[in-house]
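Data block for final.txt (compact mmCIF, C-alpha atoms):
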# COMPACT_ATOMS: atom_id res chain seq x y z
CA MET A 431 65.99 113.97 69.94
CA GLY A 432 65.83 111.34 67.18
CA ARG A 433 67.95 110.18 64.24
CA ASN A 434 66.52 112.72 61.78
CA TRP A 435 67.30 115.59 64.12
CA TYR A 436 70.91 114.53 64.58
CA LEU A 437 71.43 114.16 60.83
CA LEU A 438 69.89 117.58 60.23
CA TRP A 439 71.98 119.06 63.03
CA SER A 440 75.20 117.49 61.73
CA GLY A 441 74.54 118.65 58.18
CA SER A 442 73.82 122.16 59.40
CA ALA A 443 77.04 122.25 61.44
CA ILE A 444 79.16 121.02 58.52
CA SER A 445 77.70 123.54 56.08
CA ALA A 446 78.12 126.28 58.72
CA LEU A 447 81.82 125.39 58.87
CA GLY A 448 82.02 126.10 55.15
CA ASP A 449 80.15 129.36 55.65
CA GLY A 450 82.67 130.36 58.32
CA ILE A 451 85.55 129.66 55.96
CA PHE A 452 83.78 131.71 53.30
CA LEU A 453 83.13 134.55 55.77
CA ALA A 454 86.86 135.12 56.22
CA ALA A 455 88.04 134.21 52.72
CA LEU A 456 85.67 136.35 50.64
CA PRO A 457 86.63 139.78 52.06
CA LEU A 458 90.29 138.76 52.01
CA LEU A 459 89.89 137.90 48.33
CA ALA A 460 88.30 141.30 47.78
CA THR A 461 91.29 143.07 49.38
CA THR A 462 93.60 141.44 46.83
CA ILE A 463 91.62 143.24 44.14
CA THR A 464 91.02 146.65 45.77
CA GLN A 465 91.52 148.62 49.00
CA ASP A 466 88.55 150.94 48.33
CA PRO A 467 86.08 150.64 51.27
CA LYS A 468 83.10 151.21 48.97
CA LEU A 469 84.12 148.44 46.57
CA ILE A 470 84.88 146.02 49.39
CA ALA A 471 81.50 146.81 51.00
CA GLY A 472 79.96 145.97 47.62
CA VAL A 473 80.83 142.31 48.19
CA SER A 474 78.70 142.30 51.35
CA PHE A 475 75.98 144.23 49.55
CA PHE A 476 75.60 141.75 46.70
CA GLY A 477 75.94 138.78 49.05
CA ALA A 478 73.06 140.07 51.20
CA LEU A 479 70.84 141.38 48.38
CA PRO A 480 69.24 137.95 47.66
CA TRP A 481 67.66 137.98 51.13
CA LEU A 482 65.59 140.90 49.87
CA LEU A 483 64.70 139.32 46.52
CA ALA A 484 64.44 135.56 47.09
CA ALA A 485 63.27 135.08 50.68
CA LEU A 486 59.52 135.07 50.01
CA PRO A 487 59.63 132.67 47.00
CA ALA A 488 61.88 130.35 49.03
CA GLY A 489 59.35 130.35 51.89
CA ALA A 490 56.48 129.54 49.54
CA ALA A 491 58.50 126.64 48.11
CA ALA A 492 59.21 125.37 51.63
CA ASP A 493 55.48 125.25 52.42
CA ARG A 494 54.64 123.59 49.11
CA TYR A 495 57.37 121.00 48.46
CA ASP A 496 59.28 118.38 50.44
CA GLY A 497 61.75 120.24 52.65
CA ARG A 498 64.43 117.56 52.67
CA ARG A 499 64.56 117.40 48.87
CA LEU A 500 64.71 121.18 48.58
CA LEU A 501 67.55 121.27 51.08
CA LEU A 502 69.50 118.66 49.13
CA VAL A 503 69.16 120.61 45.88
CA ALA A 504 70.29 123.83 47.58
CA LEU A 505 73.35 122.18 49.13
CA TRP A 506 74.52 120.71 45.83
CA VAL A 507 73.99 124.07 44.09
CA GLN A 508 76.09 125.80 46.76
CA CYS A 509 78.77 123.15 46.37
CA SER A 510 78.93 123.80 42.61
CA LEU A 511 79.06 127.58 43.03
CA MET A 512 81.96 127.36 45.49
CA ALA A 513 83.87 125.18 43.05
CA VAL A 514 83.33 127.77 40.31
CA LEU A 515 84.52 130.58 42.60
CA ALA A 516 87.64 128.56 43.48
CA ALA A 517 88.40 128.03 39.81
CA PHE A 518 87.93 131.71 38.84
CA HIS A 519 89.19 133.44 42.00
CA SER A 520 91.39 135.88 40.09
CA ALA A 521 88.47 137.41 38.17
CA PRO A 522 87.61 141.14 38.42
CA ILE A 523 85.62 142.53 41.33
CA ALA A 524 82.40 142.52 39.26
CA VAL A 525 82.62 138.73 38.94
CA LEU A 526 83.09 138.50 42.70
CA TYR A 527 79.90 140.51 43.13
CA GLY A 528 78.02 138.11 40.85
CA MET A 529 79.24 135.01 42.67
CA ALA A 530 78.37 136.54 46.05
CA PHE A 531 74.86 137.21 44.74
CA LEU A 532 74.35 133.66 43.42
CA ILE A 533 75.68 132.05 46.60
CA GLY A 534 73.44 134.28 48.70
CA THR A 535 70.44 133.33 46.56
CA ALA A 536 71.07 129.61 47.08
CA GLU A 537 71.37 130.18 50.85
CA ASN A 538 67.73 131.33 51.03
CA VAL A 539 66.43 127.79 50.58
CA PRO A 540 68.17 126.11 53.57
CA ARG A 541 67.06 128.95 55.81
CA ALA A 542 63.45 128.70 54.60
CA VAL A 543 63.16 124.91 54.96
CA GLY A 544 65.16 124.77 58.18
CA GLN A 545 62.36 126.05 60.43
CA PRO A 546 59.72 123.53 59.21
CA LEU A 547 62.26 120.69 59.32
CA ILE A 548 63.21 121.44 62.92
CA LYS A 549 59.57 121.56 63.94
CA ALA A 550 58.92 118.28 62.11
CA THR A 551 61.81 116.42 63.75
CA VAL A 552 61.62 117.77 67.35
CA GLU A 553 58.83 117.63 69.93
CA ASN A 554 57.34 120.97 70.87
CA HIS A 555 58.72 121.11 74.43
CA LEU A 556 62.26 120.46 73.17
CA LEU A 557 62.42 123.41 70.78
CA GLU A 558 64.60 125.56 73.05
CA ARG A 559 67.04 122.69 73.47
CA ALA A 560 67.14 121.97 69.74
CA ASN A 561 67.53 125.60 68.75
CA GLY A 562 70.14 126.15 71.47
CA ARG A 563 72.27 123.26 70.26
CA LEU A 564 71.85 124.42 66.69
CA PHE A 565 72.95 127.96 67.56
CA ALA A 566 75.92 126.67 69.57
CA SER A 567 77.15 124.31 66.86
CA GLN A 568 76.74 126.97 64.20
CA ALA A 569 78.65 129.46 66.34
CA VAL A 570 81.52 127.00 66.70
CA ALA A 571 81.58 126.18 63.00
CA LEU A 572 80.61 129.53 61.52
CA GLN A 573 82.68 131.79 63.75
CA PHE A 574 85.15 129.88 65.94
CA VAL A 575 86.60 127.21 63.62
CA GLY A 576 85.63 128.38 60.14
CA PRO A 577 87.12 131.91 59.99
CA PRO A 578 90.59 131.04 61.34
CA LEU A 579 90.66 128.04 59.01
CA GLY A 580 89.55 130.25 56.14
CA GLY A 581 92.26 132.80 56.89
CA LEU A 582 94.90 130.09 57.20
CA LEU A 583 93.86 128.36 53.99
CA PHE A 584 93.86 131.71 52.19
CA THR A 585 97.48 132.35 53.20
CA ILE A 586 98.45 128.89 51.91
CA ALA A 587 96.66 129.23 48.57
CA VAL A 588 94.01 131.73 47.52
CA PRO A 589 91.52 129.18 46.07
CA ALA A 590 92.01 126.65 48.91
CA PRO A 591 89.25 127.95 51.25
CA PHE A 592 86.70 127.87 48.45
CA TRP A 593 87.54 124.27 47.49
CA VAL A 594 87.21 123.23 51.14
CA ASN A 595 83.90 125.11 51.35
CA ALA A 596 82.60 123.15 48.35
CA LEU A 597 83.57 119.94 50.15
CA THR A 598 81.63 120.91 53.28
CA PHE A 599 78.45 121.40 51.27
CA ALA A 600 78.92 117.99 49.64
CA VAL A 601 79.33 116.29 53.06
CA ALA A 602 76.27 118.13 54.41
CA ALA A 603 74.23 116.96 51.43
CA LEU A 604 75.25 113.33 52.04
CA LEU A 605 74.16 113.59 55.69
CA VAL A 606 70.79 115.12 54.82
CA SER A 607 70.23 112.43 52.19
CA ARG A 608 70.24 109.84 55.02
CA MET A 609 67.27 111.45 56.76
CA ARG A 610 64.12 109.32 56.62
CA THR A 611 61.16 111.66 56.67
CA GLU A 612 57.66 111.23 55.34
CA ARG A 613 57.67 112.45 51.76
CA LYS A 614 55.55 115.54 51.37
CA VAL A 615 53.16 115.61 48.43
CA PRO A 616 53.33 119.00 46.68
CA THR A 617 50.35 121.13 47.68
CA ALA A 618 48.48 123.76 45.72
CA ARG A 619 50.57 126.83 44.98
CA PRO A 620 50.59 128.80 48.26
CA LYS A 621 50.12 132.57 48.22
CA VAL A 622 53.42 134.23 49.01
CA ARG A 623 51.80 137.27 50.63
CA GLU A 624 50.03 135.15 53.28
CA GLY A 625 53.23 134.93 55.31
CA LEU A 626 53.63 138.70 55.35
CA LEU A 627 49.97 139.22 56.25
CA TRP A 628 50.13 136.71 59.12
CA LEU A 629 53.32 138.29 60.42
CA GLY A 630 51.80 141.77 60.22
CA ARG A 631 48.83 140.74 62.35
CA HIS A 632 50.92 139.20 65.15
CA LYS A 633 52.07 141.95 67.53
CA ALA A 634 54.84 140.02 69.30
CA LEU A 635 56.38 138.76 66.07
CA ARG A 636 56.17 142.25 64.58
CA THR A 637 58.16 143.65 67.49
CA ILE A 638 60.71 140.84 67.32
CA THR A 639 61.09 141.41 63.58
CA VAL A 640 61.74 145.14 63.99
CA VAL A 641 64.39 144.57 66.67
CA SER A 642 66.06 141.77 64.70
CA ALA A 643 66.04 143.82 61.50
CA THR A 644 67.64 146.79 63.23
CA THR A 645 70.28 144.54 64.78
CA ASN A 646 71.13 142.97 61.43
CA LEU A 647 71.23 146.36 59.72
CA CYS A 648 73.72 147.58 62.31
CA ILE A 649 75.81 144.41 62.16
CA ALA A 650 75.97 144.70 58.36
CA MET A 651 77.15 148.30 58.70
CA THR A 652 80.06 147.29 60.91
CA MET A 653 80.88 144.04 59.10
CA ALA A 654 81.06 145.71 55.67
CA THR A 655 84.47 147.23 56.45
CA LEU A 656 85.44 144.98 59.35
CA VAL A 657 88.42 143.61 57.45
CA LEU A 658 89.82 147.14 57.18
CA PHE A 659 89.02 147.80 60.85
CA ALA A 660 91.02 144.69 61.77
CA GLN A 661 93.94 145.50 59.50
CA GLN A 662 94.28 149.23 60.21
CA ARG A 663 93.14 149.55 63.86
CA LEU A 664 94.25 146.18 65.24
CA GLY A 665 97.13 145.44 62.83
CA LEU A 666 95.89 141.95 61.92
CA THR A 667 96.92 139.91 58.88
CA GLY A 668 94.92 137.25 57.00
CA ALA A 669 95.23 134.54 59.64
CA GLY A 670 94.82 137.11 62.40
CA PHE A 671 91.60 138.33 60.84
CA GLY A 672 90.25 134.78 61.02
CA VAL A 673 91.15 134.62 64.71
CA PHE A 674 89.48 137.99 65.21
CA LEU A 675 86.24 136.64 63.74
CA ALA A 676 86.57 133.53 65.90
CA THR A 677 86.34 135.61 69.08
CA LEU A 678 82.77 136.43 68.11
CA ALA A 679 81.86 132.76 68.47
CA CYS A 680 82.84 132.22 72.08
CA GLY A 681 79.83 133.99 73.52
CA GLY A 682 77.54 132.52 70.87
CA VAL A 683 78.45 128.98 71.87
CA ALA A 684 77.82 129.68 75.54
CA GLY A 685 74.61 131.55 74.78
CA GLY A 686 73.24 128.72 72.65
CA LEU A 687 73.99 126.10 75.30
CA LEU A 688 72.69 128.13 78.26
CA ALA A 689 69.68 129.78 76.60
CA GLU A 690 67.21 127.03 77.58
CA ARG A 691 68.01 127.39 81.30
CA LEU A 692 68.16 131.17 81.28
CA LEU A 693 64.83 131.53 79.49
CA ALA A 694 63.20 129.07 81.90
CA ARG A 695 64.57 130.73 85.04
CA TYR A 696 64.68 134.47 84.33
CA ARG A 697 61.69 136.24 82.78
CA SER A 698 63.73 139.33 81.95
CA THR A 699 66.35 137.46 79.91
CA VAL A 700 65.15 138.67 76.51
CA THR A 701 64.89 142.33 77.50
CA VAL A 702 68.34 142.26 79.13
CA THR A 703 69.90 141.07 75.88
CA VAL A 704 68.21 143.93 74.03
CA VAL A 705 69.93 146.47 76.30
CA LEU A 706 73.37 144.85 76.48
CA ILE A 707 74.06 144.36 72.76
CA PRO A 708 74.46 148.06 71.79
CA LEU A 709 76.45 148.72 74.98
CA MET A 710 79.00 146.14 73.87
CA TRP A 711 79.24 147.76 70.43
CA LEU A 712 79.91 151.10 72.12
CA GLY A 713 82.74 149.45 74.05
CA ILE A 714 84.30 148.16 70.82
CA ALA A 715 84.13 151.63 69.25
CA THR A 716 85.51 153.57 72.22
CA ALA A 717 87.76 151.28 74.26
CA ALA A 718 88.93 148.53 71.90
CA HIS A 719 92.45 149.10 70.55
CA ASP A 720 93.68 145.49 70.67
CA LEU A 721 92.34 142.01 70.00
CA VAL A 722 91.88 141.12 73.69
CA THR A 723 89.68 144.13 74.43
CA VAL A 724 87.60 143.60 71.29
CA ALA A 725 87.13 139.96 72.26
CA ALA A 726 85.85 140.86 75.74
CA PHE A 727 83.07 143.05 74.36
CA ALA A 728 82.36 140.74 71.42
CA VAL A 729 81.87 137.70 73.66
CA VAL A 730 79.11 139.39 75.64
CA SER A 731 77.47 140.70 72.48
CA SER A 732 77.46 137.31 70.75
CA PHE A 733 76.20 135.61 73.94
CA CYS A 734 73.20 137.95 74.02
CA THR A 735 72.59 137.54 70.30
CA ALA A 736 72.51 133.73 70.63
CA VAL A 737 70.07 133.82 73.56
CA TRP A 738 67.85 136.22 71.62
CA GLY A 739 67.96 133.93 68.58
CA VAL A 740 67.03 130.79 70.54
CA ALA A 741 64.14 132.55 72.28
CA THR A 742 62.65 134.12 69.16
CA SER A 743 63.11 131.05 66.93
CA SER A 744 61.39 128.78 69.46
CA PHE A 745 58.58 131.29 69.92
CA ARG A 746 58.00 131.50 66.16
CA GLN A 747 58.00 127.71 65.74
CA ARG A 748 55.34 127.42 68.45
CA VAL A 749 52.91 130.14 67.47
CA VAL A 750 52.96 129.87 63.67
CA PRO A 751 50.76 127.15 62.07
CA ALA A 752 52.83 124.42 60.42
CA GLU A 753 51.34 125.07 56.97
CA LEU A 754 52.46 128.72 57.17
CA LEU A 755 55.79 128.36 58.95
CA GLY A 756 57.94 128.46 55.82
CA ARG A 757 56.28 131.63 54.52
CA VAL A 758 56.16 133.43 57.88
CA SER A 759 59.80 132.55 58.57
CA SER A 760 60.76 133.79 55.13
CA ALA A 761 58.71 136.95 55.60
CA GLN A 762 60.77 137.64 58.70
CA THR A 763 63.92 136.76 56.75
CA LEU A 764 62.92 139.20 54.01
CA ILE A 765 62.82 142.00 56.57
CA THR A 766 65.54 141.00 59.04
CA TRP A 767 68.06 139.84 56.44
CA GLY A 768 66.84 142.02 53.59
CA VAL A 769 68.15 145.11 55.40
CA GLN A 770 71.70 143.75 55.27
CA PRO A 771 72.55 145.05 51.78
CA VAL A 772 71.33 148.48 52.89
CA GLY A 773 73.49 148.20 56.01
CA ALA A 774 76.51 147.08 54.00
CA LEU A 775 76.10 149.99 51.59
CA LEU A 776 75.66 152.50 54.42
CA GLY A 777 78.60 151.05 56.30
CA GLY A 778 80.90 151.47 53.33
CA LEU A 779 79.76 155.05 52.67
CA VAL A 780 79.91 156.12 56.32
CA ALA A 781 83.37 154.58 56.78
CA ASP A 782 84.62 156.21 53.58
CA TYR A 783 83.47 159.71 54.54
CA PHE A 784 83.78 159.69 58.35
CA GLY A 785 86.30 156.97 59.20
CA LEU A 786 86.25 153.31 60.20
CA LEU A 787 84.77 153.95 63.66
CA ALA A 788 81.79 155.93 62.37
CA PRO A 789 79.64 152.86 61.45
CA TRP A 790 79.98 151.59 65.02
CA TYR A 791 78.70 154.85 66.51
CA VAL A 792 75.77 155.01 64.08
CA ALA A 793 74.94 151.38 64.90
CA VAL A 794 74.97 152.06 68.65
CA ALA A 795 72.65 155.06 68.35
CA LEU A 796 70.15 153.33 66.04
CA ARG A 797 70.02 150.01 67.90
CA THR A 798 69.70 151.71 71.29
CA ALA A 799 66.74 153.82 70.14
CA VAL A 800 64.84 150.90 68.63
CA GLY A 801 65.62 148.63 71.58
CA LEU A 802 64.32 151.09 74.15
CA LEU A 803 61.12 151.70 72.17
CA SER A 804 60.47 147.94 71.97
CA LEU A 805 61.01 147.07 75.63
CA LYS A 806 57.36 147.41 76.66
CA SER A 807 56.17 144.97 73.99
CA LEU A 808 59.02 142.57 74.67
CA ARG A 809 58.19 142.41 78.38
CA ALA A 810 54.79 141.05 77.38
CA TYR A 811 56.41 138.67 74.89
CA VAL A 812 58.66 136.97 77.46
CA ARG A 813 55.55 135.72 79.27
CA VAL A 814 54.56 133.50 76.34
CA PRO A 815 55.07 129.70 76.48
CA ALA A 816 58.79 129.76 75.61
CA ALA A 817 59.87 129.80 79.24
CA GLU A 818 56.74 128.20 80.68
CA ASN A 819 57.01 125.07 78.57
CA ALA A 820 60.65 124.58 79.52
CA ILE A 821 59.63 124.55 83.20
CA SER A 822 56.39 122.56 83.09
CA ARG A 823 57.28 119.86 80.59
CA PRO A 824 59.11 116.75 81.77
CA ARG A 825 62.62 116.35 80.41
CA PRO A 826 63.81 113.10 78.87
Structure re-expressed in structure tokens:
Amino acid sequence: MGRNWYLLWSGSAISALGDGIFLAALPLLATTITQDPKLIAGVSFFGALPWLLAALPAGAAADRYDGRRLLLVALWVQCSLMAVLAAFHSAPIAVLYGMAFLIGTAENVPRAVGQPLIKATVENHLLERANGRLFASQAVALQFVGPPLGGLLFTIAVPAPFWVNALTFAVAALLVSRMRTERKVPTARPKVREGLLWLGRHKALRTITVVSATTNLCIAMTMATLVLFAQQRLGLTGAGFGVFLATLACGGVAGGLLAERLLARYRSTVTVTVVLIPLMWLGIATAAHDLVTVAAFAVVSSFCTAVWGVATSSFRQRVVPAELLGRVSSAQTLITWGVQPVGALLGGLVADYFGLLAPWYVAVALRTAVGLLSLKSLRAYVRVPAAENAISRPRP
């Protein structure tokens, strides 16, 4: 796969570990300030809002400037912001909203430059393998190791998880700095709207974007008050909440590692994942009253989500021209991640008025409807080179 790929992969995994710690520690910090579901959901809202505001400019920057240098700047900025949050962790909830917004804004850059950097460091026929390993390592770091560690550190000392998070970004930056890529000369200022226009004209990517956006909207609805769901329905404490989040990673790791083989062997893999994901959410809402039952449904859901992510990322990297990849990827991010603040806001309101299970039922209904409407287009999509290349190309 090459030295540059392994450095990029390692840096991504290390920073994902910090994100996993942050994922558990931030809502726990919010619960020390308030128990109001709407105010706690506000943390998720402001953390996701930058995906709506900064995704397109980040994509244009990724197509114009050197991706490695942009990534380094973003990592050091995130490191600094985490250190500030650790130092001022006892501030009012409004300050927490502001820090969540700034950290989310900085996160747009790594996501925008990541797609072009992967394509630049990996041969075309190895994209499924590269994306699968990336998804698996991120699942381990972001969900399996990070959240329990974040919950444990939080119980030891409130600022501890944020200091450790700052350290992970610093280590990731040092790894990325060792990459030796051809320095990109800044190009003429690219038009931001070109990514949206290209995406709008591509039928398969349009369908994928709609399904992904709906999935993320629904996940944001359920995650907005997940800490209260864990505390009140499952009786979990801070460390237990981290373990609860870690169960989500088990299926993601397996899905990332097995996606290449499944996509090559079974043509219906993508459409099956579309159907299974909302069914698993329904199981969590109706049958899950303890951690073991939740884990069983969550493992299948995260497995399907990882396979979907590997398939769609590889497809996008193949079909989008290199000079447009940053903007098209960010256009998708604008839509698929930009809905998260809306989902977080809806999740908080629905849970406040109708109870903690209500967001799960709304998510199941919405995701099922969109998934069924998209199946015809997705059946045509799975016949594109994603699976064919994995079969026909020789493997090293």
Write out as CSV a residue-level contact list of region 559-655 of chain A versus region 739-759 of chain A with cut-off 12 Å: for each qualifying residue the closest pair of atoms and the distance in Å to one decimal, counting only C-alpha atoms, rows sorted by chain and residue number upward.
residue,atom,partner,partner_atom,distance
A:Arg559,CA,A:Val740,CA,8.6
A:Ala560,CA,A:Val740,CA,8.9
A:Asn561,CA,A:Val740,CA,5.5
A:Gly562,CA,A:Val740,CA,5.7
A:Arg563,CA,A:Val740,CA,9.2
A:Leu564,CA,A:Val740,CA,8.9
A:Phe565,CA,A:Val740,CA,7.2
A:Ala566,CA,A:Val740,CA,9.8
A:Ala569,CA,A:Gly739,CA,11.8
A:Lys614,CA,A:Glu753,CA,11.8
A:Thr617,CA,A:Glu753,CA,10.1
A:Ala618,CA,A:Glu753,CA,11.7
A:Pro620,CA,A:Arg757,CA,8.9
A:Lys621,CA,A:Arg757,CA,8.9
A:Val622,CA,A:Arg757,CA,6.7
A:Arg623,CA,A:Arg757,CA,8.2
A:Glu624,CA,A:Arg757,CA,7.3
A:Gly625,CA,A:Val758,CA,4.2
A:Leu626,CA,A:Val758,CA,6.4
A:Leu627,CA,A:Val758,CA,8.6
A:Trp628,CA,A:Val758,CA,7.0
A:Leu629,CA,A:Val758,CA,6.2
A:Gly630,CA,A:Val758,CA,9.7
A:Arg631,CA,A:Val758,CA,11.3
A:His632,CA,A:Val749,CA,9.6
A:Lys633,CA,A:Val749,CA,11.8
A:Ala634,CA,A:Phe745,CA,9.5
A:Leu635,CA,A:Arg746,CA,7.4
A:Arg636,CA,A:Arg746,CA,11.0
A:Thr637,CA,A:Thr742,CA,10.7
A:Ile638,CA,A:Thr742,CA,7.2
A:Thr639,CA,A:Thr742,CA,9.3
A:Val641,CA,A:Thr742,CA,10.9
A:Ser642,CA,A:Gly739,CA,9.0
A:Thr645,CA,A:Gly739,CA,11.5
A:Asn646,CA,A:Gly739,CA,12.0
Kindly give the distance, in Å, that separates CA of Trp435 (chain A) and CA of Arg608 (chain A), rounded to a single decimal.
->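 It comes out at 11.2 Å.
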Between A:Gly670, A:Gly768, A:Gly778, A:Pro589, single out the one closest to Gln465 (chain A), counting all atoms listed in the file.
-> A:Gly778
Quick one: everything within 12 Å of Leu802 (chain A), counting only C-alpha atoms, minus sequence neighbours fewer than 3 positions away in the same chain. Send it as a VMD selection string.
-> chain A and resid 637 641 701 to 708 795 to 799 805 to 809
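Coordinates place CA of Pro540 (chain A) at a distance of 11.1 Å from CA of Ala491 (chain A).
Proximity ranking of A:Gly777, A:Phe674, A:Leu515, A:Met529 relative to Thr723 (chain A) places A:Phe674 first, based on all atoms listed in the file.
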Quick one: pull the distance between CA of Gly534 (chain A) and CA of Leu721 (chain A), Å, one decimal.
->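 It comes out at 29.5 Å.
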For Gly686 (chain A), which of A:Ser698, A:Thr461, A:Gln573, A:Gln568 is the closest residue, counting all atoms listed in the file?
->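 Looking at the shortest contact to Gly686 (chain A), the residue is A:Gln568.
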If we count only C-alpha atoms, what is near region 656-668 of chain A at a cut-off of 7 Å, once residues fewer than 4 positions away on the same chain are taken out, given as a list of chain:residue names?
->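 Near region 656-668 of chain A, the qualifying residues are A:Pro457, A:Leu458, A:Gly581, A:Thr585, A:Thr652, A:Gly672, A:His719, A:Asp720, A:Leu721, A:Leu786.
Between Ser804 (chain A) and the residues A:Ala774, A:Thr644, A:Ile586, A:Ala603, the shortest atom-to-atom distance, using all atoms listed in the file, involves A:Thr644.
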Nearest to Ala455 (chain A) by atom-to-atom distance, counting only C-alpha atoms, from A:Val552, A:Val507, A:Leu579, A:Val539 |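 Going through A:Val552, A:Val507, A:Leu579, A:Val539 one by one, the smallest distance to Ala455 (chain A) is for A:Leu579.
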Tell me which protein, DNA and RNA residues are within 12 Å of region 521-526 of chain A, counting all atoms listed in the file, leaving out same-chain ones fewer than 3 positions away, and put them as a count of residues only.
-> 35
Considering all atoms listed in the file, state which residue in the set A:Cys648, A:Ile714, A:Leu438, A:Cys509 is at the smallest distance from Val606 (chain A).
-> A:Leu438
